[in-house]
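Trainee: Dropping the structure in here first, questions after.
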Amino acid sequence: MKIAVSVDDPTLISGVLEYNPAFIEIRLDRMEGDLLDHVRAIREMTAIPLIATLRSREEGGDFVGDAELWAGIVGPIARYVDIVDVEMRYREHVPSLRSQGVRILASLHIDEMPGTADLKRIERTLRSYGDIPKIVVQPENPNDLIDLLRFTHDAQKPICTSVMGSRFRFARAILPLFGSEFVFCHAGRPMAEGQYHIREMREIAELLR
């Protein structure tokens, strides 16, 4: 299980480093001030791989703007991180990002549960421009969750799957057992409803093991 800790404040990084996560996700859309300076400072503090995420409001974040504005923010930051999260709406800028040596986490976050055929179609689209597809959905019932687990298990790897909300938050801990690449946690301030603290996730992982 690879744990990524999401942060929205560079002053919290020292606390995150105490847990030594596999990745640190920098939520640019939730940060204030000079984003490039923040990322540079974080990079200087740690060699832990960094994921830069500028999440759109349409997919649960705070960024409001078109693809050009998104690229104008993320482009200069890419050289200081290891992975950039790229939603479908911004995929035209992937070649420029790749030229800076970053990997692409191709993501889609939707507050519904697609059928299996749609999940496979989404995966193909994300994989067409990204190194790792990330699909986050909102199951409505246990059967939906079983379908998501089966999809995750059968999908080409690597892949990252997760759920929105708190109703099925336990799925965040279970999905890595079925092949999901990452689980996103927090270290004191959740970035999304249902996120576990990294300490809790490690305890759960140990018990499941």
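The way I read the labels, and the way they are meant: chains A, B, ... in the order of the structure tokens, residue 1 as the first residue of every chain, and ligand 1 as the first ligand shown, with later ones counted on from there.
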Would you list the contacts of Arg199 (chain A) as a PyMOL selection string, taking every protein, DNA or RNA residue within 8 Å and counting only C-alpha atoms, but skipping same-chain residues closer than 3 positions in sequence?
Mentor: chain A and resi 19+187+202-203
Trainee: Find the residues near region 2-13 of chain A: any atom within 6 Å, counting only C-alpha atoms, skip ones fewer than 5 places away on the same chain, and give them as number ranges by chain.
Mentor: A: 21-27, 30-31, 182-186
Trainee: Restricting the calculation to only C-alpha atoms, which member of A:Phe63, A:Phe170, A:Trp70, A:Phe178 is positioned closest to Arg91 (chain A)?
Mentor: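 Looking at the shortest contact to Arg91 (chain A), the residue is A:Trp70.
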Trainee: Using the chain letters and numbers from this document, which residues of region 106-160 of chain A does DSSP assign to strand (DSSP E), as a PyMOL selection string?
Mentor: chain A and resi 106-109+132-137+160
Trainee: Give the alpha helix (DSSP H) residues of region 38-141 of chain A, as assigned by DSSP on the backbone, as a PyMOL selection string.
Mentor: chain A and resi 38-45+67-77+94-98+116-129
Trainee: Go ahead and save the residues from that selection, with C-alpha atoms, as a compact mmCIF listing (two decimals), in the first residue's frame.
Mentor:
```txt
# COMPACT_ATOMS: atom_id res chain seq x y z
CA HIS A 38 5.68 27.08 -1.85
CA VAL A 39 6.54 24.10 -4.04
CA ARG A 40 10.20 25.07 -4.23
CA ALA A 41 10.31 25.28 -0.43
CA ILE A 42 8.70 21.87 -0.06
CA ARG A 43 11.10 20.38 -2.58
CA GLU A 44 14.05 21.70 -0.59
CA MET A 45 12.70 20.12 2.58
CA ALA A 67 -6.98 25.04 -19.44
CA GLU A 68 -4.58 27.85 -20.31
CA LEU A 69 -4.71 29.30 -16.80
CA TRP A 70 -4.27 25.82 -15.34
CA ALA A 71 -1.19 25.24 -17.51
CA GLY A 72 0.20 28.65 -16.62
CA ILE A 73 0.15 27.69 -12.96
CA VAL A 74 1.20 24.05 -13.18
CA GLY A 75 3.79 24.36 -15.96
CA PRO A 76 6.49 26.20 -13.97
CA ILE A 77 5.86 23.96 -10.96
CA VAL A 94 0.50 16.75 -21.12
CA PRO A 95 3.25 16.84 -23.81
CA SER A 96 4.64 20.05 -22.35
CA LEU A 97 4.58 18.60 -18.84
CA ARG A 98 6.24 15.36 -19.95
CA THR A 116 -18.42 -1.42 -15.59
CA ALA A 117 -18.37 -0.69 -19.33
CA ASP A 118 -18.11 3.04 -18.63
CA LEU A 119 -15.34 2.47 -16.08
CA LYS A 120 -13.35 0.59 -18.70
CA ARG A 121 -13.94 3.37 -21.23
CA ILE A 122 -12.82 5.99 -18.71
CA GLU A 123 -9.73 3.94 -17.92
CA ARG A 124 -8.78 3.71 -21.61
CA THR A 125 -9.17 7.46 -22.03
CA LEU A 126 -7.09 8.27 -18.97
CA ARG A 127 -4.41 5.75 -19.89
CA SER A 128 -4.19 7.24 -23.39
CA TYR A 129 -2.46 10.33 -21.98
```
Trainee: As an MDAnalysis selection string, please: the residues near Ile83 (chain A) (cut-off 6 Å, only C-alpha atoms, same-chain neighbours under 2 positions excluded).
Mentor: chainID A and resid 51 81 102:104
Trainee: Take the residues from that selection and put them in a file with N, CA and C atoms, as a PDB file, in the first residue's frame.
Mentor:
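What landed in part19.pdb:
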```
ATOM      1  N   ILE A  51       3.509  15.037  -5.629  1.00  0.00           N
ATOM      2  CA  ILE A  51       2.435  15.062  -6.623  1.00  0.00           C
ATOM      3  C   ILE A  51       1.823  16.457  -6.596  1.00  0.00           C
ATOM      4  N   VAL A  81       8.445  18.761  -9.108  1.00  0.00           N
ATOM      5  CA  VAL A  81       7.678  17.631  -8.588  1.00  0.00           C
ATOM      6  C   VAL A  81       7.964  16.385  -9.421  1.00  0.00           C
ATOM      7  N   VAL A 102       8.212  14.770 -15.768  1.00  0.00           N
ATOM      8  CA  VAL A 102       7.264  14.298 -14.758  1.00  0.00           C
ATOM      9  C   VAL A 102       6.413  13.153 -15.298  1.00  0.00           C
ATOM     10  N   ARG A 103       5.884  12.355 -14.372  1.00  0.00           N
ATOM     11  CA  ARG A 103       4.894  11.344 -14.724  1.00  0.00           C
ATOM     12  C   ARG A 103       3.506  11.961 -14.586  1.00  0.00           C
ATOM     13  N   ILE A 104       2.549  11.359 -15.262  1.00  0.00           N
ATOM     14  CA  ILE A 104       1.199  11.916 -15.298  1.00  0.00           C
ATOM     15  C   ILE A 104       0.219  10.991 -14.580  1.00  0.00           C
TER      16      ILE A 104
END
```
Trainee: When you count only C-alpha atoms, which of these residues is closest to Ser180 (chain A): A:Phe151, A:Ala192, A:Leu208, A:Asn141?
Mentor: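 Answer, going by the shortest atom-to-atom distance: A:Phe151.
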Trainee: Taking only C-alpha atoms into account, which of A:Gly65, A:Gly115, A:Pro176, A:Gly188 comes nearest Cys160 (chain A)?
Mentor: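 For Cys160 (chain A), the nearest of the given residues is A:Pro176.
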Trainee: From the options A:Arg209, A:Arg79, A:Ser166, A:Met1, which residue's atoms come nearest to Leu36 (chain A), counting only C-alpha atoms?
Mentor: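 With only C-alpha atoms as the atom set, the closest residue is A:Arg79.
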Trainee: Excluding region 59-62 of chain A and residues on its chain fewer than 3 positions from it, collect all residues at most 9 Å away from it, counting only C-alpha atoms, and give them as a PyMOL selection string.
Mentor: chain A and resi 27+29-30+54-56+87+108-111+192
Trainee: From the set A:Gln138, A:Gln156, A:Ser99, A:Asn20, which residue has the shortest atom-to-atom contact distance to Gly194 (chain A), counting only C-alpha atoms?
Mentor: A:Gln138
Trainee: Which residue out of A:Lys134, A:Val163, A:Arg189, A:Ile174 has the minimum interatomic distance to Ala205 (chain A) when only C-alpha atoms are used?
Mentor: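 Using only C-alpha atoms, the shortest distance to Ala205 (chain A) belongs to A:Ile174.
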Trainee: Could you tell me how far CA of Val16 (chain A) sits from CA of His197 (chain A), in Å to one decimal place?
Mentor: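 Interatomic distance here is 10.6 Å.
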